[in-house]
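Structure file input.cif (mmCIF, C-alpha atoms and all ligand atoms) follows.
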data_run
#
loop_
_atom_site.label_atom_id
_atom_site.label_comp_id
_atom_site.auth_asym_id
_atom_site.auth_seq_id
_atom_site.Cartn_x
_atom_site.Cartn_y
_atom_site.Cartn_z
CA MET A 1389 67.12 -19.92 6.49
CA PHE A 1390 63.91 -21.39 7.88
CA ALA A 1391 63.26 -24.76 6.22
CA ARG A 1392 59.97 -25.10 4.37
CA LYS A 1393 58.74 -27.68 6.82
CA ARG A 1394 59.79 -29.44 9.99
CA LEU A 1395 58.95 -33.10 10.21
CA ASP A 1396 56.58 -33.82 13.06
CA ILE A 1397 58.74 -36.38 14.84
CA GLY A 1398 61.37 -35.89 17.53
CA GLY A 1399 64.67 -37.45 18.56
CA THR A 1400 63.20 -39.72 21.23
CA ASP A 1401 60.57 -41.03 18.81
CA LEU A 1402 63.28 -41.78 16.26
CA LEU A 1403 65.34 -43.58 18.88
CA ALA A 1404 62.28 -45.52 20.00
CA GLY A 1405 61.72 -46.51 16.38
CA LEU A 1406 65.29 -47.72 15.94
CA ALA A 1407 65.08 -49.68 19.19
CA ALA A 1408 61.80 -51.25 18.07
CA CYS A 1409 63.48 -52.41 14.87
CA ALA A 1410 65.97 -54.31 16.97
CA GLY A 1411 63.62 -55.72 19.57
CA ALA A 1412 59.90 -55.56 18.80
CA PHE A 1413 58.32 -58.69 17.35
CA ASP A 1414 54.72 -58.63 18.56
CA GLU A 1415 52.42 -57.32 15.81
CA GLU A 1416 49.07 -57.84 17.48
CA GLY A 1417 49.62 -55.76 20.63
CA PRO A 1418 50.62 -52.50 18.95
CA ARG A 1419 48.13 -53.10 16.12
CA ALA A 1420 45.30 -53.24 18.67
CA ARG A 1421 46.62 -50.05 20.30
CA VAL A 1422 46.74 -48.20 16.97
CA GLU A 1423 43.32 -49.39 15.86
CA GLY A 1424 41.93 -48.76 19.35
CA VAL A 1425 42.76 -45.06 19.05
CA PHE A 1426 40.25 -44.89 16.22
CA ALA A 1427 37.57 -46.87 18.05
CA ARG A 1428 34.44 -45.08 19.09
CA ASP A 1429 31.23 -45.85 20.97
CA GLY A 1430 32.32 -49.27 22.06
CA ASP A 1431 32.95 -50.15 18.44
CA GLU A 1432 36.32 -51.59 19.24
CA ARG A 1433 37.89 -52.58 15.98
CA ARG A 1434 36.50 -50.58 13.14
CA ALA A 1435 39.87 -49.38 11.90
CA ILE A 1436 42.66 -51.16 10.09
CA ALA A 1437 46.31 -50.20 10.33
CA CYS A 1438 48.10 -50.40 6.98
CA LEU A 1439 51.53 -49.69 5.56
CA SER A 1440 50.20 -46.42 4.10
CA VAL A 1441 46.97 -44.73 3.01
CA ARG A 1442 47.77 -45.85 -0.51
CA SER A 1443 48.07 -49.47 0.65
CA GLY A 1444 44.72 -49.13 2.43
CA LEU A 1445 42.92 -47.60 -0.56
CA ASP A 1446 44.27 -50.36 -2.78
CA LEU A 1447 43.07 -52.96 -0.27
CA PHE A 1448 39.61 -51.41 -0.07
CA LEU A 1449 39.16 -51.23 -3.84
CA ARG A 1450 40.33 -54.80 -4.14
CA GLU A 1451 37.76 -56.06 -1.66
CA VAL A 1452 34.76 -54.06 -2.92
CA ALA A 1453 35.64 -55.04 -6.51
CA LEU A 1454 33.52 -52.47 -8.36
CA PRO A 1455 32.61 -53.40 -11.94
CA ARG A 1456 35.29 -52.51 -14.48
CA GLY A 1457 34.71 -49.11 -16.05
CA SER A 1458 32.89 -47.75 -12.97
CA GLU A 1459 33.60 -44.09 -12.35
CA VAL A 1460 35.09 -42.67 -9.17
CA LEU A 1461 34.50 -38.96 -8.59
CA MET A 1462 37.61 -37.41 -7.06
CA SER A 1463 38.01 -33.89 -5.68
CA ALA A 1464 40.44 -32.49 -8.21
CA LEU A 1465 43.62 -31.99 -6.17
CA THR A 1466 45.43 -34.95 -4.65
CA ILE A 1467 48.63 -36.95 -4.97
CA PRO A 1468 48.88 -38.79 -8.30
CA ASP A 1469 49.21 -42.24 -6.73
CA MET A 1470 45.64 -41.94 -5.49
CA TRP A 1471 44.12 -41.85 -8.95
CA LYS A 1472 46.68 -44.31 -10.28
CA ILE A 1473 45.44 -46.82 -7.73
CA VAL A 1474 41.85 -46.16 -8.82
CA GLU A 1475 42.87 -46.76 -12.45
CA HIS A 1476 44.77 -49.90 -11.54
CA HIS A 1477 41.48 -51.45 -10.38
CA GLY A 1478 39.92 -50.88 -13.78
CA LEU A 1479 38.03 -47.79 -12.63
CA VAL A 1480 37.86 -44.34 -14.18
CA PRO A 1481 38.87 -41.37 -12.00
CA VAL A 1482 36.70 -38.34 -12.78
CA PRO A 1483 38.01 -35.01 -11.48
CA VAL A 1484 35.54 -32.69 -9.78
CA ASP A 1485 36.81 -29.13 -9.69
CA LEU A 1486 37.36 -27.17 -6.49
CA ASP A 1487 36.05 -23.91 -5.17
CA PRO A 1488 39.25 -22.22 -3.88
CA ARG A 1489 37.40 -20.64 -0.97
CA THR A 1490 36.38 -23.99 0.48
CA LEU A 1491 39.04 -26.20 -1.15
CA SER A 1492 36.31 -28.62 -2.17
CA PRO A 1493 33.80 -29.06 -4.98
CA THR A 1494 30.39 -27.44 -4.65
CA ILE A 1495 27.42 -29.80 -4.56
CA GLU A 1496 26.47 -28.63 -8.06
CA ARG A 1497 29.84 -29.78 -9.32
CA TRP A 1498 29.51 -33.22 -7.72
CA ARG A 1499 26.10 -33.59 -9.34
CA ALA A 1500 27.29 -32.41 -12.72
CA ALA A 1501 30.18 -34.89 -12.73
CA ALA A 1502 28.00 -37.88 -11.86
CA SER A 1503 26.99 -40.45 -14.45
CA PRO A 1504 25.11 -43.77 -14.37
CA ARG A 1505 28.51 -45.46 -14.01
CA THR A 1506 29.53 -43.52 -10.88
CA ARG A 1507 30.10 -45.84 -7.92
CA ALA A 1508 32.28 -43.94 -5.46
CA VAL A 1509 33.49 -40.52 -4.34
CA VAL A 1510 36.92 -39.66 -2.91
CA LEU A 1511 37.21 -36.28 -1.23
CA ALA A 1512 40.60 -34.98 -0.03
CA HIS A 1513 40.71 -32.50 2.84
CA LEU A 1514 43.66 -30.29 1.86
CA PHE A 1515 46.36 -28.30 3.68
CA GLY A 1516 44.92 -29.01 7.15
CA ALA A 1517 41.43 -27.71 6.46
CA ARG A 1518 38.42 -29.92 7.04
CA VAL A 1519 35.52 -29.81 4.64
CA PRO A 1520 31.98 -30.51 5.88
CA LEU A 1521 30.73 -33.70 4.23
CA GLY A 1522 26.97 -33.15 4.66
CA PRO A 1523 25.85 -32.29 1.11
CA VAL A 1524 28.06 -34.76 -0.76
CA ALA A 1525 27.25 -37.49 1.78
CA ALA A 1526 23.53 -36.99 1.19
CA LEU A 1527 24.09 -37.25 -2.56
CA ALA A 1528 26.22 -40.37 -2.17
CA ARG A 1529 23.60 -42.04 0.03
CA GLU A 1530 20.82 -41.19 -2.40
CA ARG A 1531 22.73 -42.69 -5.32
CA GLY A 1532 24.30 -45.61 -3.49
CA TRP A 1533 27.93 -44.52 -3.91
CA PHE A 1534 30.76 -45.26 -1.52
CA LEU A 1535 32.07 -42.08 0.11
CA LEU A 1536 35.77 -42.04 1.02
CA GLU A 1537 37.43 -39.10 2.73
CA ASP A 1538 41.18 -38.59 2.55
CA CYS A 1539 42.25 -37.08 5.88
CA ALA A 1540 46.00 -37.46 5.25
CA GLN A 1541 46.56 -33.71 5.59
CA SER A 1542 43.80 -32.81 8.01
CA TRP A 1543 44.26 -35.04 11.04
CA THR A 1544 44.74 -33.07 14.24
CA GLY A 1545 45.52 -35.81 16.65
CA ASP A 1546 42.70 -35.46 19.12
CA GLN A 1547 39.03 -36.14 18.60
CA ASP A 1548 39.18 -36.47 14.84
CA ARG A 1549 38.24 -40.03 13.94
CA GLY A 1550 36.80 -39.15 10.57
CA SER A 1551 33.28 -38.15 9.67
CA PRO A 1552 30.57 -40.69 10.53
CA LEU A 1553 29.03 -39.74 7.18
CA ALA A 1554 31.89 -41.33 5.24
CA ASP A 1555 32.12 -45.05 4.49
CA VAL A 1556 35.88 -44.84 4.78
CA SER A 1557 38.12 -42.24 6.46
CA MET A 1558 41.82 -42.45 5.61
CA PHE A 1559 44.63 -41.18 7.85
CA SER A 1560 48.30 -41.08 6.95
CA PHE A 1561 51.33 -41.12 9.25
CA GLY A 1562 53.91 -40.88 6.49
CA PRO A 1563 57.08 -38.74 6.82
CA ILE A 1564 55.58 -35.29 6.34
CA LYS A 1565 52.27 -35.88 8.09
CA THR A 1566 51.08 -34.90 11.57
CA ALA A 1567 52.21 -37.36 14.28
CA SER A 1568 54.47 -39.03 11.74
CA ALA A 1569 55.76 -42.55 12.19
CA LEU A 1570 57.60 -42.13 8.84
CA ALA A 1571 55.13 -44.62 7.36
CA GLY A 1572 51.77 -46.12 8.18
CA GLY A 1573 48.16 -45.36 7.49
CA VAL A 1574 44.90 -46.07 9.24
CA LEU A 1575 41.56 -46.59 7.53
CA VAL A 1576 38.33 -46.35 9.46
CA VAL A 1577 35.95 -48.61 7.54
CA ARG A 1578 32.34 -48.37 8.65
CA ASP A 1579 31.05 -51.56 7.03
CA PRO A 1580 32.26 -54.40 9.29
CA ALA A 1581 31.96 -57.01 6.53
CA ILE A 1582 34.25 -55.08 4.19
CA LEU A 1583 36.63 -54.40 7.07
CA GLU A 1584 36.89 -58.11 7.87
CA ARG A 1585 37.63 -58.93 4.26
CA MET A 1586 40.32 -56.26 4.19
CA ARG A 1587 41.86 -57.70 7.36
CA ALA A 1588 41.94 -61.18 5.91
CA ALA A 1589 43.47 -59.98 2.65
CA GLN A 1590 46.10 -57.90 4.43
CA ALA A 1591 47.04 -60.84 6.65
CA SER A 1592 48.15 -62.67 3.50
CA TYR A 1593 50.50 -59.83 2.51
CA PRO A 1594 54.22 -60.15 3.23
CA VAL A 1595 55.31 -58.05 6.17
CA GLN A 1596 57.27 -54.81 5.63
CA GLU A 1597 60.97 -55.57 5.95
CA ARG A 1598 62.29 -54.31 9.25
CA GLN A 1599 65.71 -53.64 7.74
CA LYS A 1600 64.07 -51.22 5.30
CA TYR A 1601 62.17 -49.50 8.04
CA PHE A 1602 65.38 -49.20 10.03
CA THR A 1603 67.23 -47.45 7.18
CA ARG A 1604 64.17 -45.30 6.58
CA ILE A 1605 64.32 -44.07 10.18
CA LEU A 1606 68.04 -43.33 9.79
CA LYS A 1607 67.44 -41.41 6.58
CA TYR A 1608 64.71 -39.25 8.07
CA SER A 1609 66.74 -38.70 11.23
CA SER A 1610 69.24 -36.85 9.09
CA LEU A 1611 66.44 -34.87 7.47
CA VAL A 1612 65.10 -33.93 10.90
CA ALA A 1613 68.54 -32.65 11.84
CA LEU A 1614 69.06 -30.94 8.51
CA THR A 1615 65.87 -28.88 8.72
CA LYS A 1616 67.00 -27.18 11.93
CA ARG A 1617 67.71 -23.60 11.04
CA PRO A 1618 71.53 -23.25 11.28
CA LEU A 1619 72.20 -26.51 9.48
CA TYR A 1620 69.59 -25.76 6.88
CA THR A 1621 71.16 -22.40 6.14
CA ALA A 1622 74.49 -24.11 5.56
CA PHE A 1623 72.85 -26.80 3.44
CA VAL A 1624 71.14 -24.30 1.14
CA ARG A 1625 74.41 -22.38 0.75
CA TRP A 1626 76.28 -25.59 -0.04
CA CYS A 1627 73.68 -26.43 -2.70
CA ARG A 1628 74.09 -22.99 -4.21
CA VAL A 1629 77.86 -23.27 -4.37
CA ARG A 1630 77.64 -26.72 -5.92
CA GLY A 1631 75.00 -25.60 -8.39
CA VAL A 1632 72.49 -28.09 -7.00
CA ASP A 1633 68.79 -27.23 -6.89
CA HIS A 1634 67.94 -27.78 -3.20
CA ASP A 1635 64.23 -27.72 -4.07
CA GLN A 1636 64.58 -30.80 -6.25
CA LEU A 1637 66.95 -32.52 -3.86
CA ILE A 1638 64.51 -32.25 -0.95
CA GLN A 1639 61.38 -32.97 -2.94
CA GLY A 1640 63.00 -36.05 -4.45
CA SER A 1641 64.09 -37.36 -1.07
CA VAL A 1642 60.65 -37.45 0.57
CA ARG A 1643 58.83 -39.50 -2.02
CA GLY A 1644 57.50 -42.80 -0.75
CA PHE A 1645 57.46 -45.97 -2.86
CA ALA A 1646 59.54 -44.31 -5.57
CA GLY A 1647 60.96 -46.44 -8.35
CA GLY A 1648 59.33 -49.38 -10.13
CA GLU A 1649 56.94 -52.06 -8.88
CA PHE A 1650 54.73 -49.64 -7.02
CA PHE A 1651 51.95 -52.13 -6.34
CA GLU A 1652 54.31 -54.79 -5.13
CA LYS A 1653 55.77 -52.24 -2.71
CA ILE A 1654 52.50 -51.00 -1.25
CA ARG A 1655 51.10 -54.52 -0.79
CA HIS A 1656 52.83 -55.24 2.48
CA ARG A 1657 51.47 -55.19 5.98
CA PRO A 1658 53.09 -52.87 8.53
CA SER A 1659 55.89 -54.42 10.58
CA ALA A 1660 55.84 -54.75 14.36
CA PRO A 1661 58.34 -51.85 14.80
CA LEU A 1662 56.22 -49.55 12.64
CA LEU A 1663 53.06 -50.44 14.55
CA ARG A 1664 54.88 -49.89 17.81
CA LEU A 1665 56.19 -46.45 16.82
CA LEU A 1666 52.81 -45.49 15.38
CA ALA A 1667 51.06 -46.49 18.62
CA ARG A 1668 53.55 -44.38 20.54
CA ARG A 1669 52.91 -41.36 18.30
CA LEU A 1670 49.13 -41.69 18.43
CA GLU A 1671 49.05 -42.06 22.19
CA SER A 1672 51.26 -39.01 22.74
CA ARG A 1673 48.44 -36.70 21.56
CA ASN A 1674 50.90 -34.25 20.05
CA ARG A 1675 48.86 -31.23 21.10
CA TRP A 1676 51.49 -28.57 21.47
CA ARG A 1677 52.72 -28.80 17.92
CA ILE A 1678 49.29 -28.43 16.36
CA ASP A 1679 48.26 -25.56 18.62
CA GLY A 1680 51.59 -23.84 17.95
CA ARG A 1681 51.17 -24.33 14.23
CA VAL A 1682 47.67 -22.84 14.23
CA ALA A 1683 48.77 -19.89 16.37
CA ARG A 1684 51.61 -19.07 13.94
CA ALA A 1685 49.27 -19.37 10.99
CA GLN A 1686 46.73 -17.02 12.55
CA ARG A 1687 49.42 -14.49 13.23
CA LEU A 1688 50.62 -14.77 9.66
CA LEU A 1689 47.07 -14.29 8.36
CA GLN A 1690 46.77 -11.10 10.37
CA GLY A 1691 50.07 -9.87 9.00
CA LEU A 1692 48.86 -10.51 5.48
CA ALA A 1693 45.71 -8.42 5.87
CA ARG A 1694 47.65 -5.45 4.50
CA ALA A 1695 48.09 -7.25 1.20
CA GLN A 1696 44.43 -7.91 0.70
CA GLY A 1697 43.49 -8.57 -2.88
CA ARG A 1698 47.07 -9.48 -3.78
CA VAL A 1699 47.45 -12.55 -1.68
CA ALA A 1700 44.82 -15.12 -0.82
CA VAL A 1701 44.75 -18.11 1.48
CA PRO A 1702 42.80 -21.03 0.02
CA GLY A 1703 40.30 -22.50 2.41
CA ALA A 1704 39.96 -19.21 4.28
CA ASP A 1705 36.18 -19.61 4.23
CA LEU A 1706 36.23 -22.87 6.14
CA ALA A 1707 35.34 -22.98 9.81
CA PHE A 1708 38.06 -25.53 10.53
CA HIS A 1709 41.61 -25.08 9.38
CA SER A 1710 44.56 -26.58 11.25
CA HIS A 1711 47.18 -25.28 8.77
CA TRP A 1712 49.14 -28.46 8.26
CA VAL A 1713 50.92 -26.36 5.66
CA PHE A 1714 50.52 -22.67 4.99
CA THR A 1715 49.62 -21.94 1.39
CA LEU A 1716 49.27 -18.61 -0.37
CA LEU A 1717 47.81 -17.87 -3.75
CA VAL A 1718 49.68 -15.09 -5.50
CA ASP A 1719 49.85 -13.63 -8.93
CA ASP A 1720 53.57 -14.27 -9.46
CA PRO A 1721 54.60 -17.26 -7.31
CA GLU A 1722 58.08 -17.54 -8.79
CA ARG A 1723 58.99 -14.05 -7.64
CA VAL A 1724 57.41 -14.42 -4.23
CA VAL A 1725 59.43 -17.60 -3.65
CA LEU A 1726 62.68 -15.87 -4.63
CA GLU A 1727 62.02 -12.85 -2.47
CA LEU A 1728 61.08 -14.97 0.53
CA ARG A 1729 64.27 -16.99 0.16
CA GLU A 1730 66.25 -13.75 0.03
CA ALA A 1731 64.58 -12.81 3.31
CA GLY A 1732 65.60 -16.15 4.88
CA PHE A 1733 62.42 -18.18 4.43
CA ASP A 1734 62.59 -21.27 2.25
CA ALA A 1735 59.21 -20.94 0.54
CA THR A 1736 58.56 -23.31 -2.33
CA ARG A 1737 56.19 -24.08 -5.16
CA ALA A 1738 57.14 -27.72 -5.15
CA ALA A 1739 54.57 -30.10 -3.78
CA SER A 1740 53.31 -33.55 -4.49
CA LEU A 1741 49.74 -32.43 -5.23
CA ARG A 1742 48.54 -32.54 -8.81
CA SER A 1743 45.20 -32.03 -10.48
CA VAL A 1744 43.37 -35.19 -11.46
CA PRO A 1745 43.34 -35.37 -15.27
CA ALA A 1746 40.05 -35.60 -17.15
CA PRO A 1747 39.24 -39.02 -18.64
CA SER A 1748 40.28 -39.28 -22.28
CA GLY A 1749 37.80 -37.79 -24.70
CA ARG A 1750 36.06 -35.69 -22.02
CA PRO A 1751 38.00 -32.41 -21.97
CA VAL A 1752 35.12 -30.46 -20.41
CA LEU A 1753 35.96 -32.25 -17.18
CA GLU A 1754 39.46 -30.65 -16.99
CA PRO A 1755 39.57 -29.09 -13.50
CA ARG A 1756 40.58 -25.55 -14.41
CA GLU A 1757 40.19 -24.06 -10.97
CA ALA A 1758 42.41 -26.73 -9.43
CA GLN A 1759 45.03 -26.11 -12.11
CA ARG A 1760 44.88 -22.40 -11.41
CA ILE A 1761 45.31 -22.99 -7.68
CA LEU A 1762 48.40 -25.12 -8.38
CA SER A 1763 49.93 -22.59 -10.73
CA ARG A 1764 49.62 -19.84 -8.12
CA THR A 1765 50.40 -21.65 -4.90
CA VAL A 1766 53.36 -20.83 -2.69
CA TYR A 1767 54.06 -22.90 0.43
CA ALA A 1768 55.48 -20.71 3.18
CA PRO A 1769 57.28 -22.09 6.25
CA CYS A 1770 54.99 -21.80 9.26
CA TYR A 1771 55.50 -24.00 12.32
CA PRO A 1772 55.92 -23.79 16.08
CA GLU A 1773 59.73 -23.72 15.88
CA MET A 1774 59.46 -20.26 14.28
CA SER A 1775 59.30 -17.35 16.68
CA GLU A 1776 56.45 -14.87 16.42
CA ARG A 1777 59.00 -12.29 15.36
CA ALA A 1778 60.10 -14.50 12.49
CA VAL A 1779 56.48 -14.94 11.44
CA ASP A 1780 56.02 -11.17 11.45
CA ARG A 1781 59.17 -10.69 9.39
CA MET A 1782 57.93 -13.23 6.88
CA ALA A 1783 54.52 -11.55 6.66
CA ALA A 1784 56.26 -8.26 5.91
CA ALA A 1785 58.39 -9.94 3.25
CA ILE A 1786 55.30 -11.42 1.62
CA VAL A 1787 53.51 -8.06 1.66
CA ARG A 1788 56.56 -6.44 0.03
CA ALA A 1789 56.83 -9.19 -2.56
CA VAL A 1790 53.22 -8.91 -3.71
CA GLU A 1791 53.07 -5.12 -3.65
CA ARG A 1792 54.46 -5.03 -7.13
CA SER A 1793 52.01 -7.59 -8.53
CA GLN A 1794 51.07 -6.75 -12.06
CA GLU A 1795 47.44 -7.42 -11.52
CA PRO A 1796 45.43 -7.98 -8.39
CA LEU A 1797 43.91 -11.42 -7.90
CA ALA A 1798 40.64 -10.26 -9.35
CA GLU A 1799 38.89 -13.57 -9.71
CA VAL A 1800 40.01 -14.94 -6.37
CA VAL A 1801 37.89 -13.27 -3.78
CA LEU A 1802 39.55 -14.66 -0.71
CA THR A 1803 40.41 -12.26 2.01
CA PRO A 1804 42.59 -13.31 4.89
CA ALA A 1805 41.67 -10.02 6.58
CA GLN A 1806 39.42 -11.66 9.14
CA PRO A 1807 41.05 -14.89 10.16
CA ARG A 1808 38.20 -17.23 11.04
CA HIS A 1809 40.46 -20.17 11.60
CA PHE A 1810 40.62 -21.64 15.02
CA PHE A 1811 41.46 -24.91 16.55
CA GLN A 1812 37.96 -25.87 17.59
CA SER A 1813 38.60 -29.19 19.19
CA SER A 1814 41.33 -28.03 21.53
CA ARG A 1815 39.29 -25.03 22.56
CA SER A 1816 36.25 -27.03 23.40
CA ARG A 1817 38.37 -29.28 25.56
CA ARG A 1818 39.63 -26.50 27.73
C1 LIG B 1901 50.17 -37.97 2.03
C2 LIG B 1901 48.91 -38.08 1.27
C3 LIG B 1901 48.42 -39.32 0.85
C4 LIG B 1901 49.20 -40.61 0.96
O1 LIG B 1901 49.44 -41.06 2.21
P1 LIG B 1901 50.41 -42.35 2.36
O2 LIG B 1901 50.12 -42.82 3.75
O3 LIG B 1901 51.80 -41.87 2.19
O4 LIG B 1901 50.02 -43.32 1.33
C5 LIG B 1901 47.21 -39.35 0.21
N1 LIG B 1901 46.50 -38.24 -0.01
C6 LIG B 1901 46.93 -37.02 0.38
C7 LIG B 1901 46.09 -35.82 0.11
C8 LIG B 1901 48.16 -36.90 1.03
O5 LIG B 1901 48.61 -35.69 1.40
#

Using structure tokens, write down the structure from this file.
Ligand SMILES: *Cc1c(COP(=O)(O)O)cnc(C)c1O
Amino acid sequence: MFARKRLDIGGTDLLAGLAACAGAFDEEGPRARVEGVFARDGDERRAIACLSVRSGLDLFLREVALPRGSEVLMSALTIPDMWKIVEHHGLVPVPVDLDPRTLSPTIERWRAAASPRTRAVVLAHLFGARVPLGPVAALARERGWFLLEDCAQSWTGDQDRGSPLADVSMFSFGPIKTASALAGGVLVVRDPAILERMRAAQASYPVQERQKYFTRILKYSSLVALTKRPLYTAFVRWCRVRGVDHDQLIQGSVRGFAGGEFFEKIRHRPSAPLLRLLARRLESRNRWRIDGRVARAQRLLQGLARAQGRVAVPGADLAFHSHWVFTLLVDDPERVVLELREAGFDATRAASLRSVPAPSGRPVLEPREAQRILSRTVYAPCYPEMSERAVDRMAAAIVRAVERSQEPLAEVVLTPAQPRHFFQSSRSRR
């Protein structure tokens, strides 16, 4: 059984992390290295390394202190903590529905969701795709809103330092993210005054406990081992015999900051060992894995051309897609998941994304398209550790599974027939 995902961190990185927990005490050196990776044009320190993206967003909102009751427009699919943090600061998250072809709201939708109380926009780039910011950035500038982009899923480890059009670009290096350090986030903040205030506030936070980071590395080391194919096959069988739902077991084990006192947990600064491992990951460039991932995804897209109209790939219309995860929209996701598992591929519907709920009393703002995407999404395994033959076998299994769809995906007009995805930045470098 191919696991749904392989964590993007290897044995030597894990060992380096454990060693750092025992011996690394300098915070400033590795912090400067991490933040230096995101420097540009001689602008040396315009980034801040945090414990996580969520910690960084919380820090930003705290320092800009928008008036209570201000509205924050949010692209409608993200992880729930993001809008909970917005709410915690006395602000009102307003969902803005997505166009499934581009995985982002159209400019008309941003406009329609705006009100005199709007003060900020948060746009999440999903699944590894990158959405052009031009139109929404122009709107934000015209109205004086902050524009934040959430690049947690879209970072590709090379020239991507966030869009210069955004006020804040947020990058995550949590367990399931590209170039993972099992924790950590970086925010590029383009207003130096706000950045300095964030630095000062973070400096007063307690430091992440190194003992906790140490056990975290141990825990994820076992997950890294477990998701190798032979072990994973045994694990899934064991779950079946014991009557345990492996979906829930895995999903539950990768949640960060679970359990009570969420805000107390995120308000820590990253420890020296975390900064050191993060610096190591960022400096390693990590090219091969991303290129391999994109190549597998393109092959899979080609294989799916035969199922046109019955399977769609959200974001297929975007010029840039790095396929951090491979998502399909299908008519009957439950069945597709079961059939793929039968064929040896641990597809899943489980994910941490949710649609942002409409503010109370404003049901017209319910993001129906985002809800429909969620209800039809299947995540298929697709990563460099899969052979091309395995990818082809999985494509065939998907085509078989959707052949018997009751109804074609009439209203979703995505066609993966002509894969337009390519890894622009690595091409241009060659
Ligand atoms: C992972 C993720 C985050 C959170 O990142 P952390 O660094 O774990 O806080 C936020 N938004 C999206 C879309 C994500 O995928």

Would you pick out the contacts of range 1566-1570 of chain A at 6 Å or less, using only C-alpha atoms, so that residues sharing its chain but fewer than 5 positions from it are not included, and give the list as a list of chain:residue names? A:Asp1396, A:Ile1397, A:Phe1561, A:Leu1666, A:Arg1669

Dump C-alpha atoms for the selected residues as an mmCIF file, keeping the file's coordinate frame?
data_model
loop_
_atom_site.group_PDB
_atom_site.id
_atom_site.type_symbol
_atom_site.label_atom_id
_atom_site.label_comp_id
_atom_site.auth_asym_id
_atom_site.auth_seq_id
_atom_site.Cartn_x
_atom_site.Cartn_y
_atom_site.Cartn_z
ATOM 1 C CA ASP A 1396 56.580 -33.820 13.060
ATOM 2 C CA ILE A 1397 58.740 -36.380 14.840
ATOM 3 C CA PHE A 1561 51.330 -41.120 9.250
ATOM 4 C CA LEU A 1666 52.810 -45.490 15.380
ATOM 5 C CA ARG A 1669 52.910 -41.360 18.300
#

Between chain A and ligand LIG 1901 (chain B), at 8 Å or less, what are the per-residue closest atom pairs and their distances in Å? Count all atoms listed in the file, order by chain and rising residue number, and return it as a tab-separated table.
residue	atom	partner	partner_atom	distance
A:Leu1439	CA	B:LIG1901	O2	7.2
A:Ser1440	CA	B:LIG1901	O2	3.6
A:Val1441	CA	B:LIG1901	O4	3.8
A:Arg1442	CA	B:LIG1901	O4	3.9
A:Ser1443	CA	B:LIG1901	O4	6.5
A:Gly1444	CA	B:LIG1901	O4	7.9
A:Leu1465	CA	B:LIG1901	C7	7.8
A:Thr1466	CA	B:LIG1901	C7	4.9
A:Ile1467	CA	B:LIG1901	N1	5.6
A:Asp1469	CA	B:LIG1901	C5	7.8
A:Met1470	CA	B:LIG1901	C5	6.5
A:Ala1512	CA	B:LIG1901	C7	5.6
A:His1513	CA	B:LIG1901	C7	6.9
A:Leu1514	CA	B:LIG1901	C7	6.3
A:Asp1538	CA	B:LIG1901	N1	5.9
A:Cys1539	CA	B:LIG1901	C7	7.0
A:Ala1540	CA	B:LIG1901	C8	4.8
A:Gln1541	CA	B:LIG1901	O5	5.1
A:Phe1559	CA	B:LIG1901	O2	7.0
A:Ser1560	CA	B:LIG1901	O2	4.1
A:Phe1561	CA	B:LIG1901	O2	5.9
A:Gly1562	CA	B:LIG1901	O3	4.9
A:Pro1563	CA	B:LIG1901	O3	7.7
A:Ile1564	CA	B:LIG1901	C1	7.4
A:Lys1565	CA	B:LIG1901	C1	6.7
A:Ala1571	CA	B:LIG1901	O2	6.4
A:Gly1572	CA	B:LIG1901	O2	5.8
A:Gly1573	CA	B:LIG1901	O2	4.9
A:Gly1644	CA	B:LIG1901	O3	6.5
A:Ser1740	CA	B:LIG1901	O5	7.8
A:Leu1741	CA	B:LIG1901	C7	7.3

Shortest interatomic distance to Ile1582 in chain A - which of A:Phe1602, A:Val1556, A:Gly1697, A:Cys1770, counting only C-alpha atoms: A:Val1556

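The space between CA of Val1779 in chain A and CA of Leu1670 in chain A spans 28.6 Å.
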
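In this structure, CA of Ala1464 in chain A sits 5.3 Å away from CA of Ser1743 in chain A.
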